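One file, entry-v5.txt, carrying compact mmCIF, C-alpha atoms and all ligand atoms:
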# COMPACT_ATOMS: atom_id res chain seq x y z
CA MET S 1 74.47 89.26 115.24
CA LYS S 2 73.19 89.69 118.75
CA THR S 3 76.24 88.97 120.92
CA ILE S 4 79.85 89.57 120.06
CA GLY S 5 83.05 89.08 122.07
CA VAL S 6 86.22 91.16 122.03
CA LEU S 7 89.69 90.15 123.24
CA THR S 8 93.29 91.35 123.06
CA SER S 9 96.00 88.74 122.43
CA GLY S 10 99.79 88.48 122.11
CA GLY S 11 102.09 91.38 123.02
CA ASP S 12 100.08 94.42 124.12
CA ALA S 13 100.30 97.64 122.13
CA PRO S 14 99.36 101.26 122.88
CA GLY S 15 96.02 101.93 121.20
CA MET S 16 94.51 98.54 122.02
CA ASN S 17 92.24 100.30 124.53
CA ALA S 18 91.09 102.74 121.85
CA ALA S 19 90.22 99.73 119.66
CA ILE S 20 88.31 98.02 122.50
CA ARG S 21 86.43 101.26 123.12
CA ALA S 22 85.47 101.52 119.44
CA VAL S 23 84.30 97.90 119.29
CA VAL S 24 82.21 98.23 122.47
CA ARG S 25 80.65 101.57 121.53
CA SER S 26 79.94 100.54 117.90
CA GLY S 27 78.53 97.23 119.08
CA CYS S 28 76.24 98.82 121.69
CA GLU S 29 75.08 101.53 119.28
CA ASN S 30 74.18 98.78 116.80
CA GLY S 31 72.06 96.95 119.37
CA MET S 32 74.58 94.21 120.16
CA ARG S 33 75.56 92.70 123.49
CA VAL S 34 79.36 92.99 123.79
CA MET S 35 81.32 90.58 125.98
CA GLY S 36 84.82 91.66 127.04
CA ILE S 37 87.05 88.58 127.31
CA ARG S 38 90.01 88.78 129.69
CA ARG S 39 93.55 87.59 128.85
CA GLY S 40 93.09 86.66 125.22
CA TYR S 41 92.28 83.11 124.21
CA ASN S 42 92.89 81.92 127.79
CA GLY S 43 89.85 83.90 128.92
CA LEU S 44 87.78 82.53 126.06
CA MET S 45 88.64 78.93 127.00
CA GLN S 46 87.91 79.61 130.68
CA GLY S 47 84.78 81.72 130.18
CA ASP S 48 86.48 84.67 131.90
CA MET S 49 84.38 87.49 130.43
CA TYR S 50 81.88 90.20 131.32
CA GLU S 51 79.23 92.19 129.58
CA MET S 52 80.46 95.65 128.65
CA ASN S 53 78.44 98.80 128.09
CA LEU S 54 79.04 102.34 126.85
CA ARG S 55 80.49 103.35 130.21
CA SER S 56 82.79 100.30 130.61
CA VAL S 57 85.13 101.95 128.11
CA SER S 58 85.05 105.52 129.45
CA ASN S 59 88.39 107.16 130.07
CA ILE S 60 90.51 104.52 128.34
CA ILE S 61 91.23 106.05 124.91
CA ASN S 62 94.28 107.76 126.41
CA ARG S 63 95.65 104.72 128.25
CA GLY S 64 98.38 102.32 127.14
CA GLY S 65 98.13 98.58 127.80
CA THR S 66 94.77 96.84 127.54
CA ILE S 67 91.94 96.89 130.08
CA LEU S 68 91.10 93.35 128.93
CA TYR S 69 94.68 92.19 129.66
CA SER S 70 96.58 90.07 127.18
CA ALA S 71 98.20 86.64 127.12
CA ARG S 72 99.87 84.05 124.98
CA SER S 73 98.05 80.75 125.14
CA PRO S 74 99.79 77.57 123.94
CA GLU S 75 96.77 75.44 124.97
CA PHE S 76 94.52 77.35 122.58
CA LYS S 77 96.64 76.17 119.64
CA THR S 78 95.59 72.54 120.25
CA GLU S 79 92.35 71.08 118.90
CA GLU S 80 91.22 70.49 122.47
CA GLY S 81 91.83 74.15 123.35
CA LEU S 82 89.95 75.34 120.28
CA GLN S 83 86.98 73.11 121.12
CA LYS S 84 86.97 74.43 124.69
CA ALA S 85 86.84 77.99 123.37
CA LEU S 86 84.06 77.13 120.92
CA SER S 87 81.93 75.46 123.55
CA VAL S 88 82.26 78.49 125.88
CA ALA S 89 81.31 80.78 122.98
CA LYS S 90 78.25 78.60 122.30
CA GLU S 91 77.27 78.57 125.97
CA VAL S 92 77.21 82.38 126.21
CA GLY S 93 75.51 82.74 122.82
CA MET S 94 78.47 84.46 121.16
CA ASP S 95 77.74 84.93 117.44
CA GLY S 96 81.00 86.67 116.51
CA LEU S 97 84.38 87.65 117.91
CA VAL S 98 86.78 90.57 117.42
CA VAL S 99 90.44 89.63 117.98
CA ILE S 100 92.89 92.50 118.52
CA GLY S 101 96.48 91.26 118.13
CA GLY S 102 99.22 90.24 115.74
CA ASP S 103 99.38 87.56 113.06
CA GLY S 104 99.69 84.74 115.64
CA SER S 105 96.39 85.87 117.11
CA PHE S 106 94.91 86.05 113.60
CA ARG S 107 95.85 82.40 113.06
CA GLY S 108 93.76 81.59 116.12
CA ALA S 109 90.89 83.71 114.72
CA ARG S 110 91.16 81.84 111.42
CA ASP S 111 90.92 78.48 113.24
CA LEU S 112 87.81 79.61 115.14
CA SER S 113 86.20 80.97 111.96
CA LEU S 114 86.86 77.66 110.21
CA ARG S 115 85.01 75.87 113.02
CA GLY S 116 81.95 78.10 112.83
CA LEU S 117 82.61 81.17 115.02
CA PRO S 118 82.91 84.21 112.70
CA CYS S 119 85.93 86.29 113.70
CA VAL S 120 87.35 89.64 112.61
CA GLY S 121 90.98 90.55 113.35
CA ILE S 122 92.24 94.05 114.15
CA PRO S 123 96.03 94.52 113.79
CA GLY S 124 97.47 95.48 117.17
CA THR S 125 101.24 95.15 117.53
CA ILE S 126 104.11 97.61 117.88
CA ASP S 127 106.14 95.58 115.34
CA ASN S 128 104.16 96.63 112.22
CA ASP S 129 104.90 93.16 110.85
CA ILE S 130 101.46 92.18 109.50
CA ALA S 131 101.69 91.66 105.76
CA CYS S 132 98.29 93.00 104.71
CA CYS S 133 98.73 96.25 106.65
CA ASP S 134 100.90 99.28 106.02
CA TYR S 135 100.29 100.19 109.62
CA THR S 136 99.42 98.42 112.88
CA ILE S 137 98.02 99.87 116.10
CA GLY S 138 100.83 100.72 118.54
CA TYR S 139 103.57 101.16 115.96
CA ASP S 140 103.50 104.96 115.96
CA THR S 141 103.51 105.26 119.74
CA ALA S 142 106.38 102.77 120.04
CA MET S 143 108.45 104.64 117.47
CA ASN S 144 107.87 107.92 119.29
CA THR S 145 108.93 106.29 122.56
CA VAL S 146 112.10 104.97 120.92
CA LEU S 147 112.79 108.41 119.53
CA GLU S 148 112.44 110.06 122.91
CA MET S 149 114.77 107.50 124.48
CA VAL S 150 117.39 107.79 121.73
CA ASP S 151 117.28 111.60 121.94
CA ARG S 152 118.06 111.27 125.65
CA LEU S 153 120.87 108.86 124.90
CA ARG S 154 122.25 111.28 122.35
CA ASP S 155 122.64 113.95 125.05
CA THR S 156 124.89 111.83 127.24
CA THR S 157 126.58 110.17 124.25
CA GLU S 158 127.62 113.57 122.93
CA SER S 159 128.81 114.81 126.33
CA HIS S 160 131.22 111.87 126.57
CA ASP S 161 132.27 111.54 122.91
CA ARG S 162 130.89 108.02 122.97
CA CYS S 163 129.03 105.62 120.73
CA SER S 164 125.61 104.31 121.84
CA VAL S 165 124.43 101.05 120.32
CA VAL S 166 120.67 100.82 120.90
CA GLU S 167 118.61 97.67 120.46
CA VAL S 168 114.94 98.25 119.67
CA MET S 169 112.03 95.79 119.51
CA GLY S 170 110.33 94.40 116.42
CA ARG S 171 110.67 90.62 116.79
CA HIS S 172 111.77 89.48 113.28
CA ALA S 173 110.99 92.82 111.65
CA GLY S 174 113.06 95.99 111.31
CA TYR S 175 110.34 98.63 110.80
CA ILE S 176 110.75 100.27 114.22
CA ALA S 177 114.54 100.28 113.86
CA LEU S 178 114.53 101.71 110.34
CA ASN S 179 112.11 104.55 111.01
CA ALA S 180 113.33 105.43 114.49
CA GLY S 181 116.90 105.18 113.15
CA ILE S 182 116.17 107.72 110.42
CA ALA S 183 114.29 110.00 112.80
CA SER S 184 117.02 109.91 115.43
CA GLY S 185 119.85 110.46 112.95
CA ALA S 186 121.62 107.16 113.58
CA THR S 187 124.97 106.69 111.84
CA ALA S 188 124.11 103.05 111.12
CA ILE S 189 120.89 101.01 111.23
CA LEU S 190 121.00 97.22 111.28
CA ILE S 191 117.80 95.34 110.47
CA PRO S 192 117.08 91.66 109.80
CA GLU S 193 115.64 92.28 106.32
CA ILE S 194 118.97 93.60 104.95
CA GLU S 195 122.17 91.61 105.11
CA TYR S 196 124.94 93.64 106.67
CA ASP S 197 128.72 93.60 106.90
CA PHE S 198 129.73 95.01 110.30
CA GLN S 199 133.09 96.28 109.06
CA ARG S 200 131.63 98.06 106.04
CA ASP S 201 128.29 99.20 107.48
CA VAL S 202 129.34 100.23 110.98
CA ILE S 203 133.12 100.50 111.53
CA ASP S 204 134.03 102.02 108.17
CA ARG S 205 131.09 104.47 108.34
CA MET S 206 132.18 105.56 111.79
CA ILE S 207 135.80 106.03 110.70
CA ARG S 208 134.67 108.03 107.66
CA THR S 209 132.55 110.36 109.79
CA GLN S 210 135.31 110.65 112.41
CA LYS S 211 137.49 112.10 109.66
CA THR S 212 134.86 114.82 109.07
CA GLY S 213 134.97 115.78 112.75
CA LYS S 214 132.16 113.66 114.20
CA LYS S 215 132.82 112.50 117.75
CA HIS S 216 129.66 110.80 118.97
CA PHE S 217 127.60 108.10 117.30
CA ILE S 218 124.23 106.40 117.54
CA ILE S 219 123.85 102.91 116.07
CA VAL S 220 120.31 101.46 116.01
CA VAL S 221 120.03 97.68 115.94
CA ALA S 222 116.78 95.72 115.55
CA GLU S 223 116.25 92.91 118.09
CA GLY S 224 116.04 90.50 115.14
CA VAL S 225 119.74 91.27 114.57
CA GLY S 226 120.75 91.42 118.25
CA GLY S 227 124.31 91.03 119.57
CA VAL S 228 124.73 94.60 120.85
CA ASP S 229 127.14 93.65 123.66
CA GLU S 230 129.58 92.14 121.17
CA MET S 231 129.14 95.12 118.87
CA VAL S 232 130.21 97.70 121.48
CA LYS S 233 133.41 95.74 122.21
CA ARG S 234 134.32 95.63 118.57
CA ILE S 235 133.51 99.31 118.01
CA THR S 236 135.72 100.37 120.94
CA GLU S 237 138.58 98.16 119.74
CA GLU S 238 138.46 99.21 116.11
CA THR S 239 137.57 102.91 116.31
CA GLY S 240 138.89 103.86 119.74
CA VAL S 241 135.48 105.34 120.60
CA GLU S 242 134.21 104.35 124.03
CA SER S 243 130.89 102.57 123.49
CA ARG S 244 127.84 101.55 125.49
CA ALA S 245 124.99 99.16 124.71
CA THR S 246 121.37 99.95 125.61
CA ILE S 247 118.53 97.49 125.16
CA LEU S 248 115.34 99.55 125.33
CA GLY S 249 113.07 96.57 126.04
CA HIS S 250 109.48 96.72 127.22
CA VAL S 251 109.33 100.50 127.80
CA GLN S 252 108.58 100.50 124.06
CA ARG S 253 105.27 98.74 124.65
CA GLY S 254 103.85 101.19 127.19
CA GLY S 255 102.59 104.74 127.30
CA SER S 256 99.70 106.83 126.14
CA PRO S 257 98.90 106.20 122.44
CA THR S 258 99.60 108.90 119.85
CA VAL S 259 96.91 110.60 117.78
CA ARG S 260 97.68 108.28 114.89
CA ASP S 261 97.22 105.13 116.97
CA ARG S 262 94.02 106.38 118.60
CA VAL S 263 92.44 107.40 115.32
CA ALA S 264 93.47 104.21 113.47
CA ALA S 265 92.22 102.04 116.36
CA SER S 266 88.89 103.89 116.46
CA HIS S 267 88.25 103.42 112.73
CA MET S 268 89.39 99.80 112.77
CA GLY S 269 87.17 98.94 115.74
CA SER S 270 84.17 100.46 114.05
CA ARG S 271 84.89 98.61 110.78
CA ALA S 272 85.25 95.29 112.60
CA VAL S 273 81.80 95.65 114.17
CA ARG S 274 80.29 96.70 110.86
CA LEU S 275 81.65 93.56 109.22
CA LEU S 276 80.19 91.34 111.93
CA SER S 277 76.85 93.17 111.83
CA GLU S 278 76.72 92.44 108.09
CA GLY S 279 77.32 88.79 108.93
CA LYS S 280 80.89 88.83 107.59
CA GLY S 281 83.43 86.84 109.58
CA ASN S 282 86.80 85.43 108.67
CA ARG S 283 88.12 88.93 107.89
CA VAL S 284 91.08 91.09 108.90
CA VAL S 285 90.74 94.85 109.09
CA ALA S 286 93.79 96.65 107.73
CA MET S 287 95.16 100.00 106.73
CA GLN S 288 96.59 100.52 103.26
CA LYS S 289 97.65 103.93 101.94
CA ASP S 290 95.82 105.55 104.86
CA GLU S 291 92.53 103.84 103.95
CA ILE S 292 90.75 101.31 106.14
CA VAL S 293 90.23 98.11 104.16
CA ASP S 294 89.54 94.47 104.97
CA PHE S 295 90.73 91.12 103.69
CA ASP S 296 89.82 87.48 103.87
CA ILE S 297 91.86 86.11 106.78
CA PHE S 298 93.48 83.33 104.65
CA GLU S 299 94.50 85.83 102.01
CA ALA S 300 95.83 88.18 104.71
CA LEU S 301 97.92 85.45 106.34
CA SER S 302 99.42 84.29 103.04
CA MET S 303 100.69 87.75 102.07
CA LYS S 304 104.37 88.69 102.31
CA LYS S 305 105.46 92.04 103.66
CA THR S 306 108.26 93.93 101.96
CA LEU S 307 110.46 96.67 103.30
CA ASP S 308 110.88 99.98 101.50
CA LEU S 309 114.51 99.82 100.33
CA GLU S 310 114.44 103.46 99.32
CA GLN S 311 114.01 104.34 102.98
CA TYR S 312 117.17 102.41 103.82
CA ARG S 313 119.05 104.11 101.00
CA VAL S 314 118.01 107.53 102.29
CA ALA S 315 119.08 106.60 105.81
CA LEU S 316 122.55 105.65 104.53
CA GLU S 317 122.88 108.77 102.42
CA ILE S 318 122.01 111.35 105.06
CA SER S 319 123.25 109.85 108.33
CA ILE S 320 126.89 110.39 107.62
P1 LIG N 401 100.85 87.96 118.09
O1 LIG N 401 99.38 87.84 117.96
O2 LIG N 401 101.28 89.27 118.65
O3 LIG N 401 101.58 87.56 116.82
P2 LIG N 401 101.58 85.40 119.28
O4 LIG N 401 102.27 84.89 118.06
O5 LIG N 401 102.23 85.19 120.60
O6 LIG N 401 101.31 86.96 119.23
O7 LIG N 401 100.11 84.75 119.30
C1 LIG N 401 99.18 85.05 120.31
C2 LIG N 401 98.31 83.83 120.57
O8 LIG N 401 97.60 83.49 119.38
C3 LIG N 401 99.10 82.57 120.92
O9 LIG N 401 99.42 82.48 122.28
C4 LIG N 401 98.11 81.48 120.56
O10 LIG N 401 97.11 81.31 121.54
C5 LIG N 401 97.45 82.07 119.30
N1 LIG N 401 98.16 81.54 118.12
C6 LIG N 401 99.40 81.87 117.69
N2 LIG N 401 99.75 81.14 116.61
C7 LIG N 401 98.71 80.33 116.35
C8 LIG N 401 98.46 79.32 115.35
N3 LIG N 401 99.37 79.02 114.42
N4 LIG N 401 97.27 78.68 115.40
C9 LIG N 401 96.36 78.99 116.34
N5 LIG N 401 96.53 79.92 117.30
C10 LIG N 401 97.68 80.58 117.32
O1 LIG N 402 105.35 91.58 119.35
C1 LIG N 402 105.65 92.62 120.24
C2 LIG N 402 106.94 92.33 120.98
O2 LIG N 402 107.17 93.39 121.88
C3 LIG N 402 108.16 92.10 120.09
O3 LIG N 402 108.70 93.30 119.58
C4 LIG N 402 109.06 91.35 121.01
O4 LIG N 402 109.94 90.52 120.28
C5 LIG N 402 108.11 90.52 121.82
O5 LIG N 402 106.83 91.13 121.72
C6 LIG N 402 108.50 90.42 123.28
O6 LIG N 402 107.62 89.56 123.90
P1 LIG N 402 107.50 89.37 125.48
O7 LIG N 402 106.57 90.43 125.97
O8 LIG N 402 106.94 88.00 125.62
O9 LIG N 402 108.86 89.54 126.05
Just give me the structure of the file as structure tokens.
Amino acid sequence: MKTIGVLTSGGDAPGMNAAIRAVVRSGCENGMRVMGIRRGYNGLMQGDMYEMNLRSVSNIINRGGTILYSARSPEFKTEEGLQKALSVAKEVGMDGLVVIGGDGSFRGARDLSLRGLPCVGIPGTIDNDIACCDYTIGYDTAMNTVLEMVDRLRDTTESHDRCSVVEVMGRHAGYIALNAGIASGATAILIPEIEYDFQRDVIDRMIRTQKTGKKHFIIVVAEGVGGVDEMVKRITEETGVESRATILGHVQRGGSPTVRDRVAASHMGSRAVRLLSEGKGNRVVAMQKDEIVDFDIFEALSMKKTLDLEQYRVALEISI
């Protein structure tokens, strides 16, 4: 392959820049021309791209966000949009494309691969909701951000003998909530993967711990469960503990990536370029049991992700 493109798509994630850097540097070192495409599939359809070199990616490994910007592109999902993107790729002589994003973005990569443009996906999303991966770029940084925020909330929650109900991101997945909930010592964790009974899993747990002398409480709720404003009313009414709701929101998507995200992104970027240089498209790079692996994109998209129930059991046992 002589010319490859790289883009970031969907919700941004800390570590995307480290992945771009790895793709550009590996591509250049392997004699490729690397085109940086702005704003995801929108930029591909509009030809909004520039040639990158070793120095285009200097001083970005430490930065959150994405220097290529990101977007969601409904037009790209149509056959017309796909054809537009393919004709731009042909015009600039693009032989392969690296797509950094979530599973929506991978579906786009699959559609391009099927129409003759070999693509490799790199998992970049704070949600950690990609089935073929134990771990996605941005997840670790987001969890650490949540932890810092919840620790701060704990300070004021304790000072006022209150209950803080905190909603964290994750779209339909509860990985951020479960892990950050364990790490922050939450009394209850509500996630979409596990059916809950508010009386049993929140109110009764609070009352039980009140009897042991506990006076302040943290409840972590995944956005896929939602409803935190209603929850605080009910908690105040039924336990007598003054409660506040906090929706952490997009702060979780920003910030300098952690070691884990930078290292994972660097290895994944390098693997993606290696695959393309071997003429292999239609692949997704992933991490499983701390190893970098890759899968056929169809196989990757048909997999189902499970949640570690033992983790939930441990959370229940010790956060009392
Ligand atoms: P993520 O990649 O984080 O899951 P989205 O689901 O928003 O984020 O997808 C990002 C972009 O990928 C969409 O705006 C669209 O351009 C493309 N995309 C998403 N789903 C599909 C699909 N089923 N087919 C083709 N392209 C898709
Ligand atoms: O996929 C990342 C994510 O931050 C989800 O956790 C969240 O549901 C969604 O993106 C928010 O999207 P937007 O940036 O469009 O508000």
8 Å from ligand LIG 402 (chain N) is the threshold here; counting all atoms listed in the file, which polymer residues fall inside it? Answer as a count of residues only. 19
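With distances taken over all atoms listed in the file, S:Phe76 is the one residue among S:Tyr50, S:Phe76, S:Tyr69, S:Phe198 lying closest to ligand LIG 401 (chain N).
Excluding region 314-320 of chain S itself and same-chain residues fewer than 6 positions from it, the residues having an atom within 9 Å of it are S:Leu178, S:Asn179, S:Gly181, S:Ile182, S:Gly185, S:Ala186, S:Thr187, S:Ala188, S:Ile189, S:Arg205, S:Met206, S:Arg208, S:Thr209, counting only C-alpha atoms.
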Name the residues in contact with Asn59 (chain S) at a cut-off of 12 Å, using only C-alpha atoms, excluding same-chain residues fewer than 3 positions from it; report them as number ranges by chain.
-> S: 17-18, 20-21, 54-56, 62-64, 67, 256
Write out as a PyMOL selection string each polymer residue (protein, DNA or RNA) that has an atom no more than 9 Å from ligand LIG 401 (chain N), with all atoms listed in the file counted. chain S and resi 8-12+40-42+70-78+82+100-112+123-127+129-130
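Between Met16 (chain S) and the candidates S:Ser277, S:Ser184, S:Thr136, S:Thr239, the tightest atom-to-atom separation, counting all atoms listed in the file, involves S:Thr136.
Here CA of Tyr196 (chain S) is placed at a distance of 18.3 Å from CA of Ala180 (chain S).
Counting only C-alpha atoms, Asn30 (chain S) has the following residues at most 12 Å away, ignoring those fewer than 3 positions along the same chain: Met1, Lys2, Thr3, Ile4, Ala22, Val23, Val24, Arg25, Ser26, Gly27, Arg33, Val34, Leu54, Ser270, Val273, Arg274, Leu275, Leu276, Ser277 and Glu278 of chain S.
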Correct to one decimal, the distance CA of Asp201 (chain S)-CA of Val150 (chain S) is 19.9 Å
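For Gln288 (chain S), the non-local neighbours within 10 Å, defined as residues at least 4 positions apart in the same chain or in other chains and counting all atoms listed in the file, are Cys132, Cys133, Asp134, Tyr135, Ile292, Val293 and Asp294 of chain S.
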Here CA of Ala272 (chain S) and CA of Gly15 (chain S) stand apart by 15.3 Å
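For the residues S:Ala222, S:Ile203, S:Ala142, S:Leu309, ranking by smallest atom-to-atom distance to Arg260 (chain S) using all atoms listed in the file places S:Ala142 first.
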- Query: Residues at most 7 Å from Val98 (chain S), counting only C-alpha atoms, excluding those fewer than 5 positions away in the same chain, as a ChimeraX atom specification?
  - Reply: /S:5-7,119-121,272
Reconstruct region 193-204 of chain S at the level of N, CA, C and O atoms, and format the result as a tab-separated table (two decimals), keeping the file's coordinate frame.
chain	number	residue	atom	x	y	z
S	193	GLU	N	116.04	92.43	107.74
S	193	GLU	CA	115.64	92.28	106.32
S	193	GLU	C	116.81	92.56	105.37
S	193	GLU	O	116.76	92.19	104.19
S	194	ILE	N	117.86	93.24	105.85
S	194	ILE	CA	118.97	93.60	104.95
S	194	ILE	C	120.28	93.04	105.51
S	194	ILE	O	120.65	93.33	106.65
S	195	GLU	N	120.91	92.22	104.69
S	195	GLU	CA	122.17	91.61	105.11
S	195	GLU	C	123.22	92.72	105.35
S	195	GLU	O	123.28	93.68	104.57
S	196	TYR	N	123.96	92.57	106.41
S	196	TYR	CA	124.94	93.64	106.67
S	196	TYR	C	126.35	93.05	106.86
S	196	TYR	O	126.52	91.87	107.15
S	197	ASP	N	127.33	93.95	106.67
S	197	ASP	CA	128.72	93.60	106.90
S	197	ASP	C	129.17	94.59	107.98
S	197	ASP	O	129.20	95.80	107.73
S	198	PHE	N	129.47	94.11	109.17
S	198	PHE	CA	129.73	95.01	110.30
S	198	PHE	C	130.88	95.96	110.02
S	198	PHE	O	130.82	97.15	110.37
S	199	GLN	N	131.93	95.43	109.37
S	199	GLN	CA	133.09	96.28	109.06
S	199	GLN	C	132.69	97.43	108.14
S	199	GLN	O	132.92	98.60	108.43
S	200	ARG	N	132.00	97.05	107.05
S	200	ARG	CA	131.63	98.06	106.04
S	200	ARG	C	130.54	99.01	106.55
S	200	ARG	O	130.63	100.23	106.43
S	201	ASP	N	129.49	98.42	107.17
S	201	ASP	CA	128.29	99.20	107.48
S	201	ASP	C	128.34	99.94	108.82
S	201	ASP	O	127.53	100.84	109.05
S	202	VAL	N	129.26	99.53	109.69
S	202	VAL	CA	129.34	100.23	110.98
S	202	VAL	C	130.73	100.85	111.16
S	202	VAL	O	130.88	102.07	111.22
S	203	ILE	N	131.77	100.00	111.22
S	203	ILE	CA	133.12	100.50	111.53
S	203	ILE	C	133.60	101.51	110.49
S	203	ILE	O	133.99	102.63	110.83
S	204	ASP	N	133.53	101.12	109.21
S	204	ASP	CA	134.03	102.02	108.17
S	204	ASP	C	133.24	103.33	108.12
S	204	ASP	O	133.81	104.41	107.92
